[in-house]
Each structure stands twice: as structure tokens, then as C-alpha cells.
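Worksheet: the structure to be examined is printed underneath.
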Amino acid sequence: MPMDSRLLHDLKKLLGPRGVLHEPEDLMLYEYDGSVEVARPDCVVFPRATAEVVEIVRLASRHKVPLVGRGTGTGLSGGAIARHGGIITSFARMNRIVEIDAENQRATVQPGVVNSDLSVAVEHLGLHFAPDPSSQKACTIGGNVSENSGGPHTLAYGVTVNHVLSLEIVLPSGELMRLGSPALDPPGYDLTGLFVGSEGTFGLVTEITVKLTRNPEAVKTLLAVFDSVDDATETVAEITARGITPAACEMLDGWTIRAVEDYVHAGFPLDCAAILLIEVDGLREVAEAEAKDVADVCALHHAREVRVARDARERDLLWKGRKNAFGAAGRLAPSYYTQDGVIPRTKLPATLRRIGEISKKYGLQIGNVFHAGDGNLHPIILFDERNEQQFRDTIRAGDEIIEFCIQMGGSITGEHGVGMEKDRLMPLLFSEADLDLMRRVRDVFNPTGMLNPGKILPISKGCGEIYVRPRPALAPPSA
Amino acid sequence: MNVSNAMVLSRLAELAGPSHVTNDPAEIATYQIDGKSPAAVVRPASSEEVAEIVKFAAAEKLAIVPTGARTKLGIGMPPRKFDLALDMTRMDRIVAYDPGDLTLSVEPGIPLHKIAGTLAEHRQFLPLAVPFMDRATAGGTIASGVDSPLRQIYGTARDFVLGMEFITGEGIAAKSGGRVVKNVAGYDMHKLMIGALGTLGVITKVNFRTFPLPRAARTCVATFRGPTAACEFRHGIARSALRPQSVEILAAGAGCDPLLGRRAAVSFEDDRWSVVVSFAGDEPVLDRTRRELQGLARGMNQNSLESFTELRANLAENVNRYIADLPAAILEYSPAAAIFKVSALPMDMAGLAADIHGIEVPWLVMMRGLGVTYLALLPPDRSEGSLRVLKQECARIFSLSERAPWGRSVLLWCPSELKREINVWGAPSGDFAQMQKLKSVFDPSGILSPGRFMGGL
């Protein structure tokens with residue numbers, strides 16, 4: 001259905017012709033994010049300032065058109081996809097670092113600032129922004145706020161919400177509002193804490209004040225190589241038992257290692273069953289002592305080899321191997337589906353065995369890359385989307401992994417978000433009463449459901465989703 | 001109560017058992033909030049009982065205030081209406097503890113010291129060194145939103161509460177979050193419960209992330225002349241590679257009992273500003289931290305360093321416990337004390353300290369290294385004259401707080417008399433309208449701790 005020409009006219013008047021995309025060939029780029037979901041927006045707009053965002057929201061509201069915020073579209077649960085069409089608001093042009101307050105360890109940024117750009121901008125001050133998703137060189141801080149993103153170093157430093165102090169938001173009514181404050185513990189309910197992770201269903205974020213973290217004096221990155229997955233998982237358990245909280249503790253299984261090595265040449269051995277990438281940091285003395293303890297634990301659990309990165313270059317290479325695992329998988333199949341289950345970390349061995357069974361059952365290759373330290377799994381399921389049966393099996397296999405995670409006392413998503421990928425799985429975790437209350441909480445901010453409809457909460461009777469215009473997940477691009 | 005007392009009592013007795021309901025005047029008096037007693041006290045034993053009681057209360061429009069060890073009922077405004085105290089202390093179980101996963105689930109009525117005992121067996125702990133920690137319950141600690149000196153490194157409940165179960169004002173059992181350390185499924189409604197004084201729901205279960213106990217810890221005290229050098233020392237630590245467990249700046253004005261300082265191993269005389277720093281780790285880390293702290297302290301301008309000492313191990317433990325408990329100690333010493341919590345940025349601390357100097361009643365200040373500041377005004381007695389001066393000073397601090405760059409203030413504790421004329425929350429914030437709407441979602445009939453929170457919520 002073409003967009004109301006008056007709305008399009010108004011948007012162009014507001015943003016200029018270069019600020020609005022609406023031709024099908026332009027919109028195709030915005031059908032996707034990093035997930036397997038697809039849906040076509042009716043137009044994409046590029047505001048330059050908060051005042052323009054307010055006007056966009058007002059226009060969308062008046063025309064009763066869904067509105068979806070978008071950073072760089074690296075999300076992994078369909079959060080930035082216009083599930084029911086409408087307007088995508090891209091924050092690509094709102095990418096200014098507004099203020100760096102080094103002494104108070106704060107920064108205020110526009111939502112389109114790329115995650116790692118902030119860390120680069122404050123590096124000379126000895127500071128960084130702690131949340132570090134694998135996509136940090138592309139993803140935006142606005143997107144991180146929406147999804148409450150994590151990353152390898154959240155094991156010690158926490159996820160996005162632990163680093164966000166204040167937000168400027170635009171509500172569907174067009175009202176501009178500030179939540180939280182740069183100082184700690186502002187009085188009142190913690191609306192900032194509630195808002196972070198609301199996946200664009202509460203409001204559009206136009207400014208973010210975050211904490212900056214002091215760079216550690218020393219960092220030690222260890223690569224431990226194992227001939228058995230169980231040895232690797234037991235190593236993780238014992239590190240915890242010894243009271244060590246590494247800055248990061250990542251695991252890759254043999255298949256993934258080979259895929260990555262072929263692509264990145266990180267120096268991972270090709271014939272092993274698993275590697276652990278463990279990082280400890282802090283004062284020189286702390287990093288050294290903990291690195292030694294960690295190496296001892298690895299040896300105790302039959303690590304074939306423990307290598308400590310000698311310098312920043314080697315460290316970066318090891319991390320490059322880890323952070324490009326998904327890209328590497330992408331070279332081996334037309335498509336891949338990354339899951340994001342969470343389990344209590346002591347349940348790692350059982351869960352990996354179960355994933356192996358599921359892989360066999362459907363005849364699908366599943367690689368395992370995960371944040372072992374906090375039990376956040378990212379099984380990568382390879383498939384060919386042109387094979388409809390395989391696509392369905394892939395989704396089913398993903399669901400079965402998630403169901404097992406829930407049985408283990410875990411969660412359906414650790415850092416990727418619910419989006420349009422897992423809304424249907426929410427009832428496995430939450431009762432109808434929980435979901436109903438969440439719905440009413442959303443309605444406080446977004447009473448008409450115009451913001452990012454069809455996300456997080458499953459559609460149920462009596463629900464106020466008014467913009468239902470479902471599109472098939474694998475719709476061919478229309479002419 | 002707007003229904004006959006007998007009917008209410010008999011229904012509550014059905015719901016919680018007759019021995020767990022009382023309207024005995026002596027007993028209900030111990031549940032007073034700012035001089036207001038409930039009509040009855042009920043002690044549920046399960047989440048189901050809580051749900052039934054709240055449903056009944058909602059139907060009968062009875063106002064409920066959930067209570068734990070009742071150490072922090074002085075925080076907030078008195079309830080507009082107070083029919084039932086919902087005493088949660090029978091719900092005091094550890095529901096699950098998985099040391100290997102660093103997760104803990106507890107019922108709200110469990111005392112913190114009991115949690116500490118269990119966790120210590122596995123060399124773990126919860127970084128909740130909060131006021132009244134010898135008696136306080138987990139639920140009360142979370143609902144009151146008190147913080148701890150250990151936030152310097154571990155953050156606050158906002159950072160390590162993984163999920164919660166609660167009963168809404170309609171008696172509906174709901175939950176959010178989970179029991180794993182990383183989870184982004186659904187809206188984090190439990191974040192709203194932290195510090196909400198029970199105005200949005202009755203907490204029935206809290207899931208925590210636990211932490212490994214540090215192997216060893218030490219404490220040093222650096223004392224400076226004047227606040228500037230003390231704040232500079234704090235900034236120096238923040239700029240260094242050191243990662244202390246806590247950094248607390250302590251000082252007091254004339255007339256404050258020196259004993260309050262002596263128990264924190266600091267002197268309150270002659271504009272002395274002391275910084276108590278705790279740090280943990282192995283011997284080499286401890287040695288280096290001590291050395292560098294001393295170097296930083298000595299490097300302050302104008303030779304303003306008065307003394308630098310490391311405390312003996314036993315003393316250090318007592319001092320840290322005392323500092324964490326300081327608001328409680330102040331209230332015990334001076335029940336008419338008014339204690340502000342100021343949300344300041346670190347770089348505004350010195351300005352705040354300068355403004356404090358003008359206060360005309362004896363005062364004591366404790367500034368956490370991250371900026372959050374506790375300012376206690378200590379009137380000599382509870383006489384009408386003293387309270388009048390206290391009220392004037394409190395009003396002055398509120399108005400300063402609105403204009404000064406150092407941020408918003410809440411009057412966390414003060415004599416009941418002051419609450420008749422002062423709203424302890426200050427003016428509602430810009431996002432208050434959303435808070436009001438959330439309140440009406442969680443508690444549509446307004447029976448949960450009505451009027452206790454900001455803006456009369």
C-alpha cells in the first residue's frame with residue numbers, strides 16, 4: 001500500500017528531499033537488520049535534530065502510521081525492522097558526540113553515534129564506553145540503549161543499562177522528556193532503567209548520557225586450547241569457583257574455530273574441540289596474578305595449550321577472531337541464524353550436548369560461540385533461505401535450543417532482544433499476567449501502539465495492536 | 001478502615017491464619033510511620049497469601065504498607081492512609097542459591113545478615129553494606145533504595161538485582177527479569193520497584209547476582225585541612241589506575257559530637273576533612289595501593305595533608321561497618337536529625353562542601369566517591385525552637401539544591417514534625433507524569449503505601 005502522499009509531502013518539506021527515502025529500490029536496504037527477519041517500510045526518514053524527530057513523531061501520529069527507530073540495522077532480533085510497515089526513523093545523521101566530561105566520567109551523545117567511535121574519542125583521556133557488542137564498530141549507542149546490548153566485557157563491566165544515566169526521549173504524543181540525570185540516584189522511579197531495553201516501543205531516544213569507564217592499567221588475554229568441550233566448560237566453572245571474575249570469558253567450539261581461522265587467521269588451532277578466550281584486567285599486579293591463576297585452572301583441566309597474548313596486536317587479533325565469528329559463518333552458507341539463549345553457567349555442558357542433538361536431528365550445521373562466563377550462548381545455525389523447509393527447520397531448531405535454555409532456568413535472550421524474532425516465545429518465560437502488565441506499562445509511554453508495533457509482546461486477545469498489516473517473513477521484493 | 005474492624009480482622013485471619021493478624025495497640029504502635037499507626041498488622045507466609053490480602057484490601061480500599069525489619073520506615077512521607085501493615089518477615093527463606101552461577105533468590109523478609117552467613121560459606125557476598133544491616137531485610141533494603149559505600153566498585157541494587165516477583169495493587173502476581181546474570185527478555189519492571197517504597201507492588205522474591213568475597217582488604221584514612229584538598233584527593237584516585245572498594249569523605253561542623261567521627265577513625269576538629277579509602281586484593285596489590293594513595297595524599301597543594309594512616313585490620317572492619325551504617329548511627333545519636341541525600345556529580349562535590357559551611361546547626365557530611373552525598377543536620381534537641389531552625393535550614397538546602405549545580409536533594413530522614421510543612425522529595429521531576437501513569441497501572445486503586453513517594457504517589 002503506497003504511503004499517504006500528503007504525509008510524504010510533509011516529511012519532505014520537513015527534512016528536505018535528501019532526508020526521505022521512499023522508492024522501492026531504496027527501501028530494500030531497510031527491510032533487513034542482522035536477523036533473519038524481513039519487512040518493508042513505507043519510507044525512511046533521516047532527521048538531523050531533536051526538533052525534527054518531534055515533528056516526525058507528530059506527523060506519524062496524526063496519520064496513524066507506525067514509526068520505528070533505527071541505528072545502523074545491526075540488531076539481531078528484528079528490532080529495527082518495520083514489521084507492519086510505516087516510517088523508519090534513521091538516526092544516521094544524528095551522530096554527534098555532544099559533550100565529553102572527562103572529570104566526571106560522563107559523555108552525552110546523539111543516538112546515531114557508533115559505539116566504538118565514543119571509545120575512540122575518549123581514548124586519549126584514558127577512558128572508554130564499556131558495553132562492547134561484537135558489532136561495536138558499526139552499531140549505534142541509540143541501538144544499544146534500545147536493545148540493552150551486551151558484549152564480551154559485560155561479564156565484569158555490565159550491560160548497557162549499567163552505563164546509561166539519562167535519556168532525552170520523544171513520546172508518541174510528540175512530548176520531549178528527560179529521564180534520569182547525569183548524577184547518580186535521581187529521586188523518583190527509575191524510568192531510565194525501565195526504558196533501556198524497551199526496544200523502541202516506549203519512545204524515540206534523541207540524546208543519551210552515559211558513564212565512561214577508566215581504562216584498566218593492564219590487560220592480559222589468554223587463549224586456552226582444549227581437546228574436549230567438557231574440559232573447557234569445567235574450566236569456566238572452576239574460574240568462577242576460585243572467585244575470579246575475568247573481564248571476559250568467551251568460548252568457541254571446534255567447527256567455529258575452523259570457520260574463523262580460515263577467514264581471520266587469528267592463530268586458532270584447527271584440530272581442537274574448543275578454545276577459551278579469557279581476559280583479565282586491572283592493576284598490573286591483579287592482571288598478572290589472575291592470568292597465572294587462570295592458566296593454572298586451564299592446565300588442571302587438560303588444556304593442550306595456554307597462550308598469553310604478548311602485545312596489543314596479538315590481543316586484537318584474538319579478539320578479531322572472536323568478534324568475526326558470525327561473519328566467518330556467513331561465508332560458509334547463504335544465511336545463518338544466531339541464537340541468543342542464556343543458561344546458568346553451570347548448565348553449559350548439558351546445554352552444549354543438547355545443541356549437538358538438535359543439530360543432528362535437523363541435519364543442520366550449528367556452530368557455538370558464546371559468552372561462557374555469563375552463560376550467554378550464541379549458536380549459529382547455517383541454512384539456505386531459498387530452501388523453505390530448511391528455513392523452517394532452522395527456526396524450529398532455534399526454538400528448541402531456547403526451550404532447553406528455559407528448562408535449565410535461563411532466558412530466551414541475553415543481549416539481542418526479543419524484537420519480532422522471539423515475541424512468540426515470551427509466553428514460555430512469562431505468564432499472561434506478567435505480559436499483560438508489561439503491555440500496560442508500554443501503554444503508559446506508547447498508548448496507541450504506533451511505536452515499533454509487533455515487537456516484544458506477543459499478540460493476544462484484547463491487545464491494542466492496531467496497525468496489524470503482517471508481511472510474510474520471506475516476501476520477495478515487490479516490483 | 002472504612003469497614004468494620006471485626007470483619008476485616010476475621011477475613012485477614014482466614015487469609016493468613018489467626019495467629020498472624022493483630023490489632024493489639026501495643027503491637028501496632030511498633031509499626032508507626034511518622035506517628036501514624038496501622039489499624040492492624042498481618043504477617044503473610046507466602047506470595048499467594050500476599051496476593052489474597054492485597055486483593056481483599058483493594059476491594060475494601062484498605063491502605064497497605066509492606067514492612068520488613070521496620071528500620072527505614074522513616075524514609076519518605078507518611079502514608080495518607082494506613083490500614084494494614086503487611087509484615088513480610090515470615091517470608092524469610094533462601095529460595096535458591098547457586099554459588100557456581102553466582103545467583104541467589106530470596107524471599108523479601110530474610111535479614112541481610114542471614115544471607116551474608118550463607119554466602120560466606122562459599123566465600124561470596126552481596127555488596128549491600130547498608131544502614132541497619134544488622135537487622136535490615138532484603139526486601140526493605142531494595143524497596144527503600146538505600147545505597148552502600150561499596151557502590152564505588154559493585155554498583156547498587158539496580159546493577160545486581162537480576163529479577164523480581166511482586167504482587168501488584170490489584171493482587172496480581174507478576175515478575176520481570178530472571179535468575180541469570182544476563183537477560184533482556186521483556187520490560188525490566190523490577191527496576192521500578194527499587195527505591196519505590198512499596199508504592200508499586202509488594203516484593204515477594206528478589207533474585208540477586210552474588211560476588212566473590214575479596215581475599216583481603218585494607219583501609220587508609222587521609223585527613224586534610226578543608227574540603228578542597230579532600231575532594232582533590234578523591235579526584236586523584238579517580239584518575240589513577242587504582243580500583244578501591246570505597247572512597248568516603250567525612251567531615252562535620254562545630255557542635256557535632258566528636259564521638260561520631262572517632263568511631264569512623266576520623267577527627268571532626270578544625271575543618272578537618274577525612275577520606276576513608278578501602279581496597280581489596282592480594283598483598284602486592286594492597287601494598288601498591290597503600291603506597292600510591294599515600295603518594296597522592298602527599299601531593300596535594302599547600303601541604304594540606306594533616307595525616308595519613310592505615311588502620312589495623314580489626315579496626316578497619318569496624319570502621320567500614322560503622323561508615324556503612326552511619327545514617328543509622330546518626331539517628332540513634334540524634335533522633336531529630338535531618339539527613340539529606342544529594343545526587344551530586346563528583347566535580348561538584350567541593351562546591352557542595354563550600355555551601356555546607358554556611359549551615360547554622362551542627363552538621364555532618366559523608367560524600368561517597370561517586371558523588372552521592374549524605375548531609376546530616378543535628379539539632380541539639382527536639383524543642384520547638386530547634387525544630388524551627390532545622391526546618392529553615394532544610395528549606396534553605398532544598399532551595400540551594402534547585403539552583404546550585406550540585407544536583408537534586410531528597411530529605412531521607414527527618415523529624416515527623418517537619419513533614420507537615422516540607423515535602424521530603426522536593427519538587428517532582430520533569431518525568432513525573434509518566435511516574436503517575438505507572439503508579440495507576442501497578443496500583444489503580446492507590447492502596448499501596450499511598451502518599452509515601454515523590455509528588456504524593
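Each chain of the C-alpha cells is named A, B, ... in the order shown, its residues numbered from 1; ligands are numbered from 1 in display order.
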| query | Near range 14-28 of chain A, within 10 Å and counting only C-alpha atoms, which residues show up once chain neighbours fewer than 2 positions away are dropped, as a PyMOL selection string? | reply | chain A and resi 2-3+8-12+30-32+38-48+52-53+55-56+87-90+93+477-479
Got time to write the residues from that selection, C-alpha atoms, as a short mmCIF file (atom, residue, chain, number, x, y, z; two decimals), in the first residue's frame?
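This went into result39.cif:
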data_model
loop_
_atom_site.label_atom_id
_atom_site.label_comp_id
_atom_site.auth_asym_id
_atom_site.auth_seq_id
_atom_site.Cartn_x
_atom_site.Cartn_y
_atom_site.Cartn_z
CA PRO A 2 1.59 3.29 -1.02
CA MET A 3 2.12 5.88 1.60
CA LEU A 8 5.26 12.04 2.30
CA HIS A 9 4.98 15.63 1.17
CA ASP A 10 5.07 16.87 4.76
CA LEU A 11 8.07 14.72 5.59
CA LYS A 12 9.97 16.02 2.57
CA TYR A 30 15.93 -1.09 5.16
CA GLU A 31 13.98 -4.35 5.02
CA TYR A 32 16.67 -6.09 7.00
CA VAL A 38 12.41 -9.06 6.71
CA ALA A 39 9.72 -6.40 6.29
CA ARG A 40 9.42 -3.40 4.02
CA PRO A 41 8.97 0.10 5.45
CA ASP A 42 6.90 2.65 3.51
CA CYS A 43 9.57 5.27 3.88
CA VAL A 44 12.78 6.03 5.71
CA VAL A 45 13.47 9.47 7.17
CA PHE A 46 16.74 11.00 8.33
CA PRO A 47 16.28 13.72 10.96
CA ARG A 48 19.21 15.99 11.82
CA GLU A 52 12.81 17.25 13.58
CA VAL A 53 12.30 13.98 15.44
CA GLU A 55 7.85 16.73 14.09
CA ILE A 56 8.24 13.27 12.55
CA ILE A 87 8.14 5.10 8.76
CA ILE A 88 11.64 4.11 9.77
CA THR A 89 13.44 6.94 11.54
CA SER A 90 17.14 6.50 10.89
CA ARG A 93 22.53 11.98 10.72
CA PRO A 477 10.81 -7.74 -3.17
CA SER A 478 7.77 -6.29 -4.89
CA ALA A 479 8.28 -4.67 -8.23
#
Go through range 124-170 of chain B residue by residue and, counting only C-alpha atoms, keep those with an atom at most 9 Å from range 60-84 of chain B; for each kept residue give the shortest atom pair and its distance in Å to one decimal, ordered by chain and increasing number, as a tab-separated table.
residue	atom	partner	partner_atom	distance
B:Pro131	CA	B:Thr71	CA	8.7
B:Phe132	CA	B:Thr71	CA	6.6
B:Arg135	CA	B:Ala69	CA	6.3
B:Ala136	CA	B:Ala69	CA	5.4
B:Thr137	CA	B:Gly68	CA	5.8
B:Ala138	CA	B:Gly68	CA	8.3
B:Gly139	CA	B:Gly68	CA	6.8
B:Gly140	CA	B:Gly68	CA	5.4
B:Thr141	CA	B:Lys72	CA	8.4
B:Ser144	CA	B:Lys72	CA	7.1
Hey, can you spit out that residue selection with N, CA and C atoms as a PDB file, in the first residue's frame?
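Written file, part.pdb:
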ATOM      1  N   PRO B 131      22.753   0.943  55.752  1.00  0.00           N
ATOM      2  CA  PRO B 131      22.372   1.272  57.123  1.00  0.00           C
ATOM      3  C   PRO B 131      21.466   0.183  57.714  1.00  0.00           C
ATOM      4  N   PHE B 132      21.620  -0.057  58.996  1.00  0.00           N
ATOM      5  CA  PHE B 132      20.829  -1.053  59.743  1.00  0.00           C
ATOM      6  C   PHE B 132      21.083  -2.473  59.250  1.00  0.00           C
ATOM      7  N   ARG B 135      20.053  -5.693  61.029  1.00  0.00           N
ATOM      8  CA  ARG B 135      18.659  -6.117  61.172  1.00  0.00           C
ATOM      9  C   ARG B 135      17.893  -6.092  59.852  1.00  0.00           C
ATOM     10  N   ALA B 136      18.313  -5.209  58.942  1.00  0.00           N
ATOM     11  CA  ALA B 136      17.520  -4.940  57.742  1.00  0.00           C
ATOM     12  C   ALA B 136      17.235  -6.200  56.941  1.00  0.00           C
ATOM     13  N   THR B 137      16.084  -6.218  56.276  1.00  0.00           N
ATOM     14  CA  THR B 137      15.729  -7.339  55.402  1.00  0.00           C
ATOM     15  C   THR B 137      16.106  -7.010  53.957  1.00  0.00           C
ATOM     16  N   ALA B 138      16.152  -8.061  53.153  1.00  0.00           N
ATOM     17  CA  ALA B 138      16.472  -7.862  51.732  1.00  0.00           C
ATOM     18  C   ALA B 138      15.398  -6.997  51.074  1.00  0.00           C
ATOM     19  N   GLY B 139      14.130  -7.311  51.342  1.00  0.00           N
ATOM     20  CA  GLY B 139      13.033  -6.581  50.705  1.00  0.00           C
ATOM     21  C   GLY B 139      13.034  -5.106  51.089  1.00  0.00           C
ATOM     22  N   GLY B 140      13.218  -4.843  52.375  1.00  0.00           N
ATOM     23  CA  GLY B 140      13.213  -3.461  52.841  1.00  0.00           C
ATOM     24  C   GLY B 140      14.387  -2.680  52.269  1.00  0.00           C
ATOM     25  N   THR B 141      15.518  -3.335  52.172  1.00  0.00           N
ATOM     26  CA  THR B 141      16.711  -2.688  51.625  1.00  0.00           C
ATOM     27  C   THR B 141      16.476  -2.291  50.164  1.00  0.00           C
ATOM     28  N   SER B 144      13.594   0.435  49.860  1.00  0.00           N
ATOM     29  CA  SER B 144      13.948   1.769  50.350  1.00  0.00           C
ATOM     30  C   SER B 144      15.023   2.410  49.476  1.00  0.00           C
TER      31      SER B 144
END
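If you count only C-alpha atoms and ignore residues fewer than 3 places along the chain from Ser35 in chain A, what sits within 10 Å of it is Tyr32, Val38, Gly73, Thr74, Gly75, Leu76, Ser77, Gly78, Gly79, Ala80, Ile81, Ser335, Tyr336, Tyr337, Thr338, Gln339, His416, Gly419, Met420 and Glu421 of chain A.
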Those residues you just picked out, can you put them in a file as a compact mmCIF listing (two decimals), in the first residue's frame with C-alpha atoms?
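Wrote it out as part_0.txt, contents follow:
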# COMPACT_ATOMS: atom_id res chain seq x y z
CA TYR A 32 16.67 -6.09 7.00
CA VAL A 38 12.41 -9.06 6.71
CA GLY A 73 20.50 -2.01 11.50
CA THR A 74 22.96 -4.42 13.11
CA GLY A 75 20.33 -5.71 15.54
CA LEU A 76 19.77 -9.45 15.76
CA SER A 77 16.10 -9.73 16.66
CA GLY A 78 14.36 -7.53 14.10
CA GLY A 79 14.09 -4.57 16.48
CA ALA A 80 14.75 -2.01 13.74
CA ILE A 81 12.51 -3.60 11.12
CA SER A 335 22.39 -17.49 5.53
CA TYR A 336 22.86 -18.06 9.21
CA TYR A 337 20.67 -17.62 12.24
CA THR A 338 22.30 -16.57 15.50
CA GLN A 339 20.54 -17.58 18.67
CA HIS A 416 19.96 -9.43 21.31
CA GLY A 419 12.06 -7.97 18.81
CA MET A 420 9.93 -9.73 16.24
CA GLU A 421 12.03 -12.86 16.47
| task | Write out as a PyMOL selection string all residues of range 88-220 of chain A that DSSP puts in strand (DSSP E or B) for this structure's backbone. | result | chain A and resi 88-90+97-101+106-109+114+127-128+140+164-170+176-180+204-211+213-214+218-220
| field | Polymer residues at most 8 Å from range 323-330 of chain B, only C-alpha atoms, same-chain spacing of 4 or more positions, as a ChimeraX atom specification | value | /B:129-133,148-149,260,264,319,334-335,337,339,376
Extract, using only C-alpha atoms, all DNA, RNA and protein residues at most 6 Å from range 169-185 of chain A, discarding same-chain residues fewer than 6 positions from it, and format them as a tab-separated table (two decimals) with N, CA and C atoms, in the first residue's frame.
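New file out10.tsv:
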chain	number	residue	atom	x	y	z
A	54	VAL	N	10.77	15.30	16.78
A	54	VAL	CA	9.47	15.63	17.37
A	54	VAL	C	8.43	15.79	16.26
A	57	VAL	N	7.47	12.45	14.68
A	57	VAL	CA	6.57	11.69	15.56
A	57	VAL	C	5.16	12.27	15.47
A	58	ARG	N	5.06	13.59	15.45
A	58	ARG	CA	3.73	14.22	15.37
A	58	ARG	C	3.03	13.87	14.06
A	192	THR	N	14.71	5.51	33.60
A	192	THR	CA	15.84	5.24	32.70
A	192	THR	C	16.09	3.73	32.65
A	203	GLY	N	9.50	5.03	23.19
A	203	GLY	CA	9.73	6.37	22.68
A	203	GLY	C	10.98	6.36	21.82
A	204	LEU	N	11.22	7.45	21.11
A	204	LEU	CA	12.46	7.57	20.34
A	204	LEU	C	13.47	8.32	21.20
A	205	VAL	N	14.69	7.83	21.24
A	205	VAL	CA	15.73	8.45	22.05
A	205	VAL	C	16.45	9.49	21.20
A	206	THR	N	16.62	10.69	21.74
A	206	THR	CA	17.31	11.72	20.97
A	206	THR	C	18.64	12.15	21.59
B	343	SER	N	22.21	14.10	45.14
B	343	SER	CA	22.77	13.49	43.92
B	343	SER	C	23.70	14.50	43.28
B	344	ALA	N	24.98	14.41	43.60
B	344	ALA	CA	25.93	15.38	43.04
B	344	ALA	C	26.86	14.68	42.06
B	345	LEU	N	27.39	15.47	41.12
B	345	LEU	CA	28.45	14.95	40.26
B	345	LEU	C	29.77	15.10	41.02
| message | Taking 6 positions as the minimum chain separation for residues in the same chain, which residues sit within 6 Å of Val114 in chain A when counting only C-alpha atoms? Answer as a ChimeraX atom specification. | response | /A:138-140
Expected file: the selected residues, N, CA and C atoms, as a PDB file, in the first residue's frame:
ATOM      1  N   ALA A 138      30.103  -0.854  14.155  1.00  0.00           N
ATOM      2  CA  ALA A 138      29.017  -0.400  13.287  1.00  0.00           C
ATOM      3  C   ALA A 138      27.778   0.034  14.063  1.00  0.00           C
ATOM      4  N   CYS A 139      27.494  -0.646  15.179  1.00  0.00           N
ATOM      5  CA  CYS A 139      26.219  -0.396  15.860  1.00  0.00           C
ATOM      6  C   CYS A 139      26.242   0.951  16.578  1.00  0.00           C
ATOM      7  N   THR A 140      25.059   1.509  16.805  1.00  0.00           N
ATOM      8  CA  THR A 140      24.981   2.830  17.426  1.00  0.00           C
ATOM      9  C   THR A 140      24.618   2.731  18.909  1.00  0.00           C
TER      10      THR A 140
END
| task | Pick out the residues sitting within 12 Å of Trp319 in chain A, and hand them over as a ChimeraX atom specification; count only C-alpha atoms, and ignore anything fewer than 2 positions along from it in its own chain. | result | /A:132-134,151-153,221-223,248-252,260,264-268,276-279,309,312-317,321-325
Residues of the last selection are to be written out with N, CA and C atoms, as a short mmCIF file (atom, residue, chain, number, x, y, z; two decimals), in the first residue's frame.
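See again.cif below for the written result:
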data_model
loop_
_atom_site.label_atom_id
_atom_site.label_comp_id
_atom_site.auth_asym_id
_atom_site.auth_seq_id
_atom_site.Cartn_x
_atom_site.Cartn_y
_atom_site.Cartn_z
N ASP A 132 30.40 -3.46 24.76
CA ASP A 132 31.15 -3.69 23.52
C ASP A 132 30.59 -4.85 22.71
N PRO A 133 29.39 -4.66 22.13
CA PRO A 133 28.84 -5.73 21.29
C PRO A 133 29.82 -6.09 20.16
N SER A 134 29.70 -7.29 19.64
CA SER A 134 30.59 -7.70 18.54
C SER A 134 30.51 -6.73 17.38
N GLY A 151 27.90 -7.67 25.27
CA GLY A 151 29.20 -7.79 24.63
C GLY A 151 30.08 -8.61 25.54
N PRO A 152 31.26 -9.02 25.05
CA PRO A 152 32.12 -9.90 25.86
C PRO A 152 32.48 -9.31 27.22
N HIS A 153 32.75 -8.02 27.28
CA HIS A 153 33.25 -7.46 28.53
C HIS A 153 32.16 -7.11 29.53
N THR A 221 45.30 -11.20 27.87
CA THR A 221 44.35 -12.02 27.12
C THR A 221 44.96 -13.41 26.92
N LEU A 222 44.22 -14.41 27.36
CA LEU A 222 44.72 -15.78 27.28
C LEU A 222 43.90 -16.58 26.27
N LEU A 223 44.59 -17.39 25.52
CA LEU A 223 43.93 -18.34 24.64
C LEU A 223 44.23 -19.73 25.18
N ALA A 248 36.42 -10.86 30.55
CA ALA A 248 35.67 -11.54 29.52
C ALA A 248 36.05 -13.01 29.55
N CYS A 249 35.14 -13.88 29.15
CA CYS A 249 35.42 -15.31 29.11
C CYS A 249 34.57 -15.91 28.00
N GLU A 250 35.19 -16.09 26.83
CA GLU A 250 34.48 -16.48 25.62
C GLU A 250 34.88 -17.87 25.19
N MET A 251 33.94 -18.59 24.62
CA MET A 251 34.24 -19.93 24.13
C MET A 251 33.83 -20.07 22.67
N LEU A 252 34.66 -20.75 21.90
CA LEU A 252 34.33 -21.10 20.51
C LEU A 252 34.50 -22.60 20.38
N VAL A 260 36.40 -19.59 11.53
CA VAL A 260 37.01 -18.29 11.82
C VAL A 260 38.44 -18.24 11.30
N VAL A 264 39.85 -15.22 9.31
CA VAL A 264 40.56 -14.14 10.01
C VAL A 264 42.04 -14.44 10.25
N HIS A 265 42.42 -15.72 10.29
CA HIS A 265 43.79 -16.13 10.61
C HIS A 265 44.24 -15.57 11.95
N ALA A 266 43.42 -15.86 12.96
CA ALA A 266 43.70 -15.34 14.30
C ALA A 266 44.73 -16.21 15.02
N GLY A 267 45.10 -17.31 14.41
CA GLY A 267 46.06 -18.21 15.06
C GLY A 267 45.40 -19.26 15.93
N PHE A 268 44.12 -19.55 15.67
CA PHE A 268 43.43 -20.59 16.43
C PHE A 268 43.82 -21.95 15.85
N LEU A 276 39.02 -21.32 24.77
CA LEU A 276 38.51 -20.27 25.64
C LEU A 276 39.38 -19.04 25.40
N LEU A 277 38.72 -17.92 25.30
CA LEU A 277 39.42 -16.65 25.19
C LEU A 277 39.09 -15.91 26.48
N ILE A 278 40.08 -15.79 27.34
CA ILE A 278 39.82 -15.24 28.67
C ILE A 278 40.65 -13.98 28.85
N GLU A 279 40.00 -12.95 29.33
CA GLU A 279 40.73 -11.71 29.54
C GLU A 279 40.60 -11.31 31.00
N ALA A 309 48.54 -13.48 25.07
CA ALA A 309 48.87 -12.53 24.00
C ALA A 309 50.02 -11.66 24.46
N ALA A 312 49.52 -5.83 22.19
CA ALA A 312 48.19 -5.36 21.80
C ALA A 312 47.79 -5.93 20.44
N ARG A 313 48.80 -6.11 19.57
CA ARG A 313 48.49 -6.60 18.23
C ARG A 313 47.94 -8.03 18.29
N GLU A 314 48.63 -8.86 19.09
CA GLU A 314 48.18 -10.25 19.20
C GLU A 314 46.82 -10.32 19.89
N ARG A 315 46.65 -9.47 20.88
CA ARG A 315 45.38 -9.41 21.59
C ARG A 315 44.25 -9.02 20.64
N ASP A 316 44.49 -7.99 19.84
CA ASP A 316 43.47 -7.54 18.89
C ASP A 316 43.13 -8.64 17.89
N LEU A 317 44.15 -9.40 17.51
CA LEU A 317 43.93 -10.47 16.54
C LEU A 317 43.03 -11.56 17.14
N GLY A 321 39.27 -12.55 15.88
CA GLY A 321 38.78 -13.90 15.63
C GLY A 321 37.43 -14.13 16.29
N ARG A 322 37.33 -13.70 17.53
CA ARG A 322 36.07 -13.89 18.25
C ARG A 322 34.95 -13.04 17.64
N LYS A 323 35.26 -11.76 17.42
CA LYS A 323 34.17 -10.86 17.00
C LYS A 323 33.75 -11.07 15.56
N ASN A 324 34.58 -11.76 14.78
CA ASN A 324 34.20 -12.02 13.40
C ASN A 324 33.64 -13.43 13.20
N ALA A 325 33.35 -14.10 14.29
CA ALA A 325 32.86 -15.47 14.17
C ALA A 325 31.59 -15.52 13.32
#
| query | Between A:Thr160, A:Gly449, A:Ala82, A:Asp296, which has the minimum distance to Asp159 in chain B (counting only C-alpha atoms)? | reply |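 Looking only at the distances to Asp159 in chain B, the closest residue turns out to be A:Thr160.
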| query | Which residue gives the smallest distance to chain A among B:Ser240, B:Ser37, B:Ser445, B:Ser105, with only C-alpha atoms counted? | reply |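 Checking each of B:Ser240, B:Ser37, B:Ser445, B:Ser105 against chain A, counting only C-alpha atoms, the winner is B:Ser240.
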